[in-house]
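**Student:** First the structure, which I've put down as structure tokens, then a few questions once you've had a look.
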Amino acid sequence: MIKTEKVLHLKSSRGRKVRVVREHYVRERVPCYSSLCQADCDNDGKVLPGDLTHYVVPDVGVVVDYQEILEIRELQGIVFTQTACQAVHHCKGRRQYNRLRNLLKDPRHDCVLFANEFQEFSFCLRDNGESQEQWQTRCVYSAAVWYYNHLAGMMDVVMITEDQDIIAQYSNLHSGVYVISVQEYLQNFWSELQAAHELYSSICHALQEKESECTEREFSDHLPAEVLEAGIKSGRYIQGTLNVNKHRAQTEASVRTEGLSNKNTELSSEVLVYGSKNRNRAVHGDMVVVELLPKSEWRGKVSSLTKGQLEKNGEDIQSKRMPTGSIVGILQRNWRDYVVTFPTRESTQSQSRNSQRILTVPWDYRIPKIRISTQQADALQDHRVVVRIDSWEGTSLYPNGHNVRVLGRAGELETEIQTILIENCIHVPPFSDAQLKEMPLNSPEKPWKVDPARVAERRDLRESHLVFSIDPVGCEDVDDTLSVRSLAGGKLLELGVHIADVTHFVSEGSLTDLEAQARATTYYLADRRYAMSLLWELDAQTLAVNNVWYGRTIIRSSYQLHYELAQTLLNGEQAEVPELTQLNSSERDAKLAQLTQALEILTHVARHLRAQRDQGGALELEGVEVHAQLDNEKNITALVPCQPLEIHETVAECMIYANHWVARKIQETFPHQALLRHHPPPRQEFFTLLVDSAKSRGFTIDTRSNKALSESLDQAVDLQDPLLNRLLRMMATQAMSQALYFSTGAISQDQYYHYGLALDRYTHFTSPIRRYADMVVHRLLTAAIAVEKGQSPAKALATNKELDELAHHINKKNRAAQQAQKASTELFQCLYFKERDPHTDQCCVADAVIYAIRDNGVLAFVPLYGTKGPVYLKSREGQVLSVGQDGRCEWQSGSVRRYSDHITTTSLIGTTTFTLFNHITVRICVQSSRCHPDSVNLELVGNRPHLSTTLHQTPSHGRSQLVQEVVRLAEGATQQAQEKASWRPELSKEEQEFCQSKSPNLYLLLEEIRELSLMDLEYAATA
Ligand SMILES: [Zn+2]
């Protein structure tokens, strides 16, 4: 070992330079961590592979400024020098240094640390007059040369730098060691790695900006992680997720605290964060740490309707003061892809145009403007673009980001639908060829056939059972079929539910399975002859269950009925059944009688099952209202309001029954690792609005149990106004918690209960073609059947922990789907009204019911269109809306007073009162927005019911008009999409039967989302 001296210039904490002289020992043997090593280095742990084209050695500047790029997993063969790592520690601090150390440890990243300053031949003594930077460069270059020589020239070495002088100085010194810029490196070696290129250009821009930026601080520094952790432990700080108020995004946000992380018992579950200084660069969704402000600075949330319009100093009416705090640090960023709109040319000119920095406005109100450095500002104006946030410095009012891709022109339907999907993190790429290959082979030359060996393993129901399906018109992917028959001379009944046996075709862990799992939705067709069946043997009189059989079957579906046809048969009316048209009349009559009888028995059984659940307290809530009608090619022919028919409820009831019994079976067999679905009882405080509102009309709503709630809702009927009950049910729905998947081992059994359905256990089994959860449940049921037969399951079951994680994932995806569904409904509503002149078109004037009172107006529901919106009674200029003697509305200066169940406006004209549940007449207008989603706005026309709402008008009239309009627009969008993408060829009958749909069109995608977002099959009895 040789002793030498190393001279360093360090920066002290006050910014002064300190000269440090250290004793330094160098040695001959320092591990190289390369598998090509010829010198028997002591290469413990991770080594660089030998089959690369080169190793890359980044210089100090690159490691310090471009570490993010070096973190990209695709990059291979990176050698980090000790010199560069130490520089990171000095320049960037411990946090980034730790990130670098983790990177070096992580086996998924192909990089190693070379202790170059301890290696006798790579270490350089610092020359007199040489700057620290020059010396560091020499050290790194020397390390690169050492590698080339140490590996006997078998591996080329590339040193990368951002300094042109270094390239000029070093690039021709040594053959086999190349010195090039980062950009050149990425272009030459990683031209396909788009993420790296984007990151590079965005970091470059950010660095340039930083140089030119004034260093005045806009925000206070975030505290180091250790301080935050200690503060949370001691109870000084509170940890939680930041939630920005959509309507007052600039000023109002709150932190939902998690569990019992705070010791301050005075706190509710929420801390208010007011203003951008206190928000301190946190973005909606981030996991943050807050410190409470002194009590004197606590405030309340604003409860008026608009965005800060009414808050003149001192005049704002605030709700109760609540704990208010300031964000001191961020534990975890929750940044995702954001859709933004680029400003118009005129408005960019006022921005600092020379620096090419553009302030873009996110679609989501809750996200701050994002600064993008780009050369394409002109080309992108009026476009919606996907961007990512890179950083948010304390010296900047806005975060910096880079653009990822362009979606299209704002306002075009396809762009808007894409926007909704991206904003909700829903990515649905078509299934790949590799995935399709996993499906059963089927071609005209070699059609897929039922395998006789497989048939033998299944119970054959083809001859013994009359099996039929009942679905919406045009429904292609039938996954549920039913059967019913009489046994033992009429003493017993056998009810059967048969679900497509999808897991027969999709094996666990296959590409298709993984993809379906990621989406939490499946979407393909399986052969319907293979089924998973449940057969209940019931007493014909009491309908008590004698026996249940579970198993794999082979079936033949005799009839593919749609709801309307089935109901017509049940009603004893004349109907054409397509499957019977070829028969002669006596044969036809016999078959028809047989089918009708089966439907009647089914209805009888379903009524009984429903009555049983009603006894237990099952709820009837407001569900999904519009349904798409598809033709054979899966084009939308109409969006129809669901006409509730009894047959809908009958089919739904059978499915609920099957799901319940499967839940029982898998839970009993696997008490700690079965996937079930529960619906936790709602929190009582959420019922306040419902209870108070009902009280104002003299009704008592008892919320102590689902049964009490259900019964009191049934009682709360105003014979004069059927809408009242509907609105109360809507409020009850609002108060509900979400139904969620869980693993049986994760919670105690008393929490398995499904509140809405009033069932002790429930799961999803009946829609494996659409929902991934059902696939998991099918596998569990198969395993349970094997256990019952004394066999061990074919594959090891997922553990409780794995299942619990999966449940969380699917729950998250479901929430996203619900959000997307809501946004798309609003989009279609706005499209319908946008094309109309609200002042001349009679479609825009409608009856509405007040369902909530706010400080400066009311919220109203328009039954004709199923639309909700705000009705302002006070303008931003402070004028109020009064209704004169003649019924005309006028804006006048005056005042507004809010009471619990009504609101009054007073002006020279007089006083007008607006009471909860009263009918008013409104004009529906669209409030257009360039950057955000359009919204429906309601203007008061009069405080009496709309005159044309007479008994003669069917309530679905306006709705079906809206629906036709939406269909027209959706078809237009589909056509556009077809022209853009090469459209899939029409599927043959066989393909339809065996293959998955490869590229669903945008509208189908939304339908798919709708499917996924159903609160539960049961809530929309019509779905
Ligand atoms: Zn070696």
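How things are named: the first chain in the structure tokens is A, the next is B, and so on; residues count from 1 in each chain; ligands count from 1 in the order shown.
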Residues at most 12 Å from ligand 1, using only C-alpha atoms and all ligand atoms? Could they come as a PDB file with N, CA and C atoms, in the first residue's frame?
**Tutor:**
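So part-v1.pdb came out as:
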```pdb
ATOM      1  N   GLU A  28      -2.925  -1.854  -5.111  1.00  0.00           N
ATOM      2  CA  GLU A  28      -2.921  -2.408  -6.464  1.00  0.00           C
ATOM      3  C   GLU A  28      -4.242  -3.090  -6.783  1.00  0.00           C
ATOM      4  N   ARG A  29      -4.796  -3.747  -5.743  1.00  0.00           N
ATOM      5  CA  ARG A  29      -5.978  -4.561  -6.022  1.00  0.00           C
ATOM      6  C   ARG A  29      -7.249  -3.877  -5.515  1.00  0.00           C
ATOM      7  N   VAL A  30      -8.063  -3.447  -6.469  1.00  0.00           N
ATOM      8  CA  VAL A  30      -9.381  -2.893  -6.173  1.00  0.00           C
ATOM      9  C   VAL A  30     -10.354  -3.586  -7.111  1.00  0.00           C
ATOM     10  N   PRO A  31     -11.448  -4.155  -6.588  1.00  0.00           N
ATOM     11  CA  PRO A  31     -12.327  -4.947  -7.470  1.00  0.00           C
ATOM     12  C   PRO A  31     -12.866  -4.160  -8.677  1.00  0.00           C
ATOM     13  N   CYS A  32     -12.970  -4.822  -9.827  1.00  0.00           N
ATOM     14  CA  CYS A  32     -13.465  -4.156 -11.030  1.00  0.00           C
ATOM     15  C   CYS A  32     -14.926  -4.512 -11.295  1.00  0.00           C
ATOM     16  N   TYR A  33     -15.427  -5.551 -10.640  1.00  0.00           N
ATOM     17  CA  TYR A  33     -16.826  -5.988 -10.796  1.00  0.00           C
ATOM     18  C   TYR A  33     -17.237  -6.227 -12.245  1.00  0.00           C
ATOM     19  N   SER A  34     -16.301  -6.833 -13.008  1.00  0.00           N
ATOM     20  CA  SER A  34     -16.670  -7.193 -14.374  1.00  0.00           C
ATOM     21  C   SER A  34     -16.497  -8.687 -14.548  1.00  0.00           C
ATOM     22  N   SER A  35     -17.426  -9.328 -15.259  1.00  0.00           N
ATOM     23  CA  SER A  35     -17.302 -10.762 -15.471  1.00  0.00           C
ATOM     24  C   SER A  35     -16.194 -11.086 -16.471  1.00  0.00           C
ATOM     25  N   LEU A  36     -15.639 -10.056 -17.112  1.00  0.00           N
ATOM     26  CA  LEU A  36     -14.535 -10.298 -18.058  1.00  0.00           C
ATOM     27  C   LEU A  36     -13.176 -10.248 -17.364  1.00  0.00           C
ATOM     28  N   CYS A  37     -13.176 -10.025 -16.062  1.00  0.00           N
ATOM     29  CA  CYS A  37     -11.929  -9.800 -15.339  1.00  0.00           C
ATOM     30  C   CYS A  37     -10.926 -10.940 -15.557  1.00  0.00           C
ATOM     31  N   GLN A  38      -9.694 -10.587 -15.891  1.00  0.00           N
ATOM     32  CA  GLN A  38      -8.629 -11.571 -16.112  1.00  0.00           C
ATOM     33  C   GLN A  38      -7.677 -11.599 -14.919  1.00  0.00           C
ATOM     34  N   ALA A  39      -7.916 -10.727 -13.951  1.00  0.00           N
ATOM     35  CA  ALA A  39      -6.912 -10.528 -12.911  1.00  0.00           C
ATOM     36  C   ALA A  39      -7.364 -11.033 -11.552  1.00  0.00           C
ATOM     37  N   ASP A  40      -8.401 -11.882 -11.559  1.00  0.00           N
ATOM     38  CA  ASP A  40      -8.874 -12.454 -10.300  1.00  0.00           C
ATOM     39  C   ASP A  40      -9.233 -11.419  -9.246  1.00  0.00           C
ATOM     40  N   CYS A  41      -9.923 -10.373  -9.658  1.00  0.00           N
ATOM     41  CA  CYS A  41     -10.367  -9.379  -8.692  1.00  0.00           C
ATOM     42  C   CYS A  41     -11.333 -10.022  -7.710  1.00  0.00           C
ATOM     43  N   ASP A  42     -11.414  -9.454  -6.560  1.00  0.00           N
ATOM     44  CA  ASP A  42     -12.300  -9.960  -5.518  1.00  0.00           C
ATOM     45  C   ASP A  42     -13.704  -9.401  -5.762  1.00  0.00           C
ATOM     46  N   ASN A  43     -14.361  -9.885  -6.813  1.00  0.00           N
ATOM     47  CA  ASN A  43     -15.629  -9.285  -7.247  1.00  0.00           C
ATOM     48  C   ASN A  43     -16.827  -9.883  -6.519  1.00  0.00           C
ATOM     49  N   ASP A  44     -17.065  -9.398  -5.327  1.00  0.00           N
ATOM     50  CA  ASP A  44     -18.178  -9.885  -4.525  1.00  0.00           C
ATOM     51  C   ASP A  44     -19.474  -9.188  -4.935  1.00  0.00           C
ATOM     52  N   VAL A  47     -21.959  -8.070 -10.618  1.00  0.00           N
ATOM     53  CA  VAL A  47     -20.907  -7.820 -11.612  1.00  0.00           C
ATOM     54  C   VAL A  47     -21.540  -7.404 -12.937  1.00  0.00           C
ATOM     55  N   LEU A  48     -20.796  -6.633 -13.716  1.00  0.00           N
ATOM     56  CA  LEU A  48     -21.273  -6.227 -15.040  1.00  0.00           C
ATOM     57  C   LEU A  48     -21.124  -7.400 -15.995  1.00  0.00           C
ATOM     58  N   PHE A 114     -16.811   1.812  -8.775  1.00  0.00           N
ATOM     59  CA  PHE A 114     -15.378   1.544  -8.856  1.00  0.00           C
ATOM     60  C   PHE A 114     -14.650   2.542  -7.956  1.00  0.00           C
ATOM     61  N   GLN A 119      -7.246   2.926  -6.299  1.00  0.00           N
ATOM     62  CA  GLN A 119      -6.511   2.058  -7.213  1.00  0.00           C
ATOM     63  C   GLN A 119      -5.212   2.758  -7.626  1.00  0.00           C
ATOM     64  N   TRP A 146      -8.197   2.808 -17.188  1.00  0.00           N
ATOM     65  CA  TRP A 146      -7.821   1.644 -16.364  1.00  0.00           C
ATOM     66  C   TRP A 146      -8.713   0.446 -16.707  1.00  0.00           C
ATOM     67  N   TYR A 147     -10.024   0.670 -16.836  1.00  0.00           N
ATOM     68  CA  TYR A 147     -10.939  -0.419 -17.176  1.00  0.00           C
ATOM     69  C   TYR A 147     -10.562  -1.071 -18.499  1.00  0.00           C
ATOM     70  N   TYR A 148     -10.314  -0.208 -19.484  1.00  0.00           N
ATOM     71  CA  TYR A 148      -9.985  -0.735 -20.807  1.00  0.00           C
ATOM     72  C   TYR A 148      -8.748  -1.631 -20.727  1.00  0.00           C
ATOM     73  N   ASN A 149      -7.743  -1.175 -19.995  1.00  0.00           N
ATOM     74  CA  ASN A 149      -6.516  -1.953 -19.883  1.00  0.00           C
ATOM     75  C   ASN A 149      -6.691  -3.180 -19.004  1.00  0.00           C
ATOM     76  N   HIS A 150      -7.431  -2.992 -17.895  1.00  0.00           N
ATOM     77  CA  HIS A 150      -7.622  -4.082 -16.947  1.00  0.00           C
ATOM     78  C   HIS A 150      -8.354  -5.252 -17.601  1.00  0.00           C
ATOM     79  N   LEU A 151      -9.282  -4.936 -18.500  1.00  0.00           N
ATOM     80  CA  LEU A 151     -10.031  -5.988 -19.183  1.00  0.00           C
ATOM     81  C   LEU A 151      -9.355  -6.366 -20.506  1.00  0.00           C
ATOM     82  N   ALA A 152      -8.107  -6.010 -20.632  1.00  0.00           N
ATOM     83  CA  ALA A 152      -7.270  -6.407 -21.768  1.00  0.00           C
ATOM     84  C   ALA A 152      -7.879  -6.030 -23.117  1.00  0.00           C
TER      85      ALA A 152
END
```
**Student:** Could you give me the residues within range 499-744 of chain A that DSSP places in alpha helix (DSSP H), as number ranges by chain?
**Tutor:** A: 511-519, 563-570, 585-616, 646-669, 688-696, 706-715, 723-735
**Student:** In Å, how far is it from CA of Cys925 in chain A to CA of Asp837 in chain A?
**Tutor:**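 Distance between the two atoms: 8.4 Å.
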**Student:** Work out how far apart CA of Lys105 in chain A and CA of Gly153 in chain A are and give it in Å to one decimal.
**Tutor:**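 It comes out at 27.0 Å.
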**Student:** If you count only C-alpha atoms, which residues fall within 10 Å of Arg683 in chain A, apart from same-chain ones fewer than 5 positions away, as number ranges by chain?
**Tutor:** A: 703, 735-737
**Student:** Include all heavy atoms and write out the residues we just selected as a short mmCIF file (atom, residue, chain, number, x, y, z; two decimals), in the first residue's frame.
**Tutor:**
```cif
data_model
loop_
_atom_site.label_atom_id
_atom_site.label_comp_id
_atom_site.auth_asym_id
_atom_site.auth_seq_id
_atom_site.Cartn_x
_atom_site.Cartn_y
_atom_site.Cartn_z
N THR A 703 -81.67 5.45 10.12
CA THR A 703 -80.46 4.95 9.46
C THR A 703 -79.71 3.95 10.31
O THR A 703 -78.55 3.64 10.04
CB THR A 703 -79.52 6.13 9.12
OG1 THR A 703 -79.14 6.77 10.35
CG2 THR A 703 -80.20 7.12 8.22
N ALA A 735 -74.49 8.64 0.41
CA ALA A 735 -73.96 8.40 1.75
C ALA A 735 -73.26 7.04 1.87
O ALA A 735 -72.51 6.80 2.80
CB ALA A 735 -75.09 8.48 2.77
N MET A 736 -73.50 6.15 0.91
CA MET A 736 -72.97 4.80 0.99
C MET A 736 -71.45 4.77 0.90
O MET A 736 -70.83 5.61 0.25
CB MET A 736 -73.52 3.95 -0.17
CG MET A 736 -74.98 3.62 -0.07
SD MET A 736 -75.33 2.63 1.37
CE MET A 736 -76.88 3.36 1.87
N SER A 737 -70.87 3.78 1.52
CA SER A 737 -69.44 3.55 1.29
C SER A 737 -69.30 2.69 0.04
O SER A 737 -70.28 2.20 -0.50
CB SER A 737 -68.80 2.88 2.50
OG SER A 737 -69.74 2.16 3.24
#
```
**Student:** Taking 5 positions as the minimum chain separation for residues in the same chain, which residues sit within 9 Å of Leu543 in chain A when counting only C-alpha atoms? Answer as a PyMOL selection string.
**Tutor:** chain A and resi 492-493+537-538+605+608-609
**Student:** Expressed in Å to a single decimal, how great is the separation between CA of Ser201 in chain A and CA of Arg357 in chain A?
**Tutor:** 13.2 Å
**Student:** Go through range 839-904 of chain A residue by residue and, counting only C-alpha atoms, keep those with an atom at most 10 Å from range 720-733 of chain A; for each kept residue give the shortest atom pair and its distance in Å to one decimal, ordered by chain and increasing number, as CSV.
**Tutor:**
```
residue,atom,partner,partner_atom,distance
A:Val849,CA,A:Leu723,CA,8.3
A:Ile850,CA,A:Leu727,CA,9.6
A:Tyr851,CA,A:Leu727,CA,7.3
A:Phe861,CA,A:Leu727,CA,8.5
A:Pro863,CA,A:Leu723,CA,8.2
```
**Student:** Create the file for the chosen residues now, containing N, CA and C atoms and written as a PDB file, in the first residue's frame.
**Tutor:**
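Result went into again-v2.pdb, see below:
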```pdb
ATOM      1  N   VAL A 849     -85.623  20.161  -9.634  1.00  0.00           N
ATOM      2  CA  VAL A 849     -85.969  20.097  -8.209  1.00  0.00           C
ATOM      3  C   VAL A 849     -84.748  20.493  -7.398  1.00  0.00           C
ATOM      4  N   ILE A 850     -84.976  21.353  -6.395  1.00  0.00           N
ATOM      5  CA  ILE A 850     -83.880  21.768  -5.524  1.00  0.00           C
ATOM      6  C   ILE A 850     -83.544  20.624  -4.579  1.00  0.00           C
ATOM      7  N   TYR A 851     -82.281  20.200  -4.563  1.00  0.00           N
ATOM      8  CA  TYR A 851     -81.941  19.105  -3.645  1.00  0.00           C
ATOM      9  C   TYR A 851     -80.883  19.490  -2.617  1.00  0.00           C
ATOM     10  N   PHE A 861     -81.681  19.252  -9.563  1.00  0.00           N
ATOM     11  CA  PHE A 861     -81.665  18.032 -10.359  1.00  0.00           C
ATOM     12  C   PHE A 861     -82.718  18.161 -11.453  1.00  0.00           C
ATOM     13  N   PRO A 863     -84.824  16.101 -13.796  1.00  0.00           N
ATOM     14  CA  PRO A 863     -85.178  14.699 -14.022  1.00  0.00           C
ATOM     15  C   PRO A 863     -85.240  14.323 -15.499  1.00  0.00           C
TER      16      PRO A 863
END
```
**Student:** Select, from A:Ile647, A:Leu535, A:Val506, A:Val273, the residue with the minimum atom-to-atom distance to Leu570 in chain A, counting only C-alpha atoms.
**Tutor:**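 Smallest distance to Leu570 in chain A is found for A:Ile647.
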**Student:** Just checking: using only C-alpha atoms, which residue out of A:Glu457, A:Asp480, A:Glu711, A:Glu835 ends up closest to Asn659 in chain A?
**Tutor:**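 Once distances to Asn659 in chain A are computed over only C-alpha atoms, the minimum belongs to A:Asp480.
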**Student:** Among the residues of range 56-125 of chain A, find those DSSP assigns to strand (DSSP E or B) from the backbone and print them as a list in words.
**Tutor:**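 In range 56-125 of chain A, DSSP puts these residues in strand (DSSP E or B): Val56, Val57, Pro58, Ile78, Val79, Phe80, Thr81, Cys111, Val112, Leu113, Phe114 and Gln119 of chain A.
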**Student:** Let me see the file: selected residues, C-alpha atoms, as a compact mmCIF listing (two decimals), in the first residue's frame.
**Tutor:**
```txt
# COMPACT_ATOMS: atom_id res chain seq x y z
CA VAL A 56 -20.06 3.59 -19.81
CA VAL A 57 -18.32 5.87 -17.31
CA PRO A 58 -20.23 9.10 -16.62
CA ILE A 78 -22.56 1.73 -16.01
CA VAL A 79 -19.44 2.28 -13.93
CA PHE A 80 -19.84 4.93 -11.25
CA THR A 81 -16.54 6.29 -10.02
CA CYS A 111 -24.24 -0.68 -12.60
CA VAL A 112 -21.26 -0.90 -10.22
CA LEU A 113 -19.09 1.35 -8.10
CA PHE A 114 -15.38 1.54 -8.86
CA GLN A 119 -6.51 2.06 -7.21
```
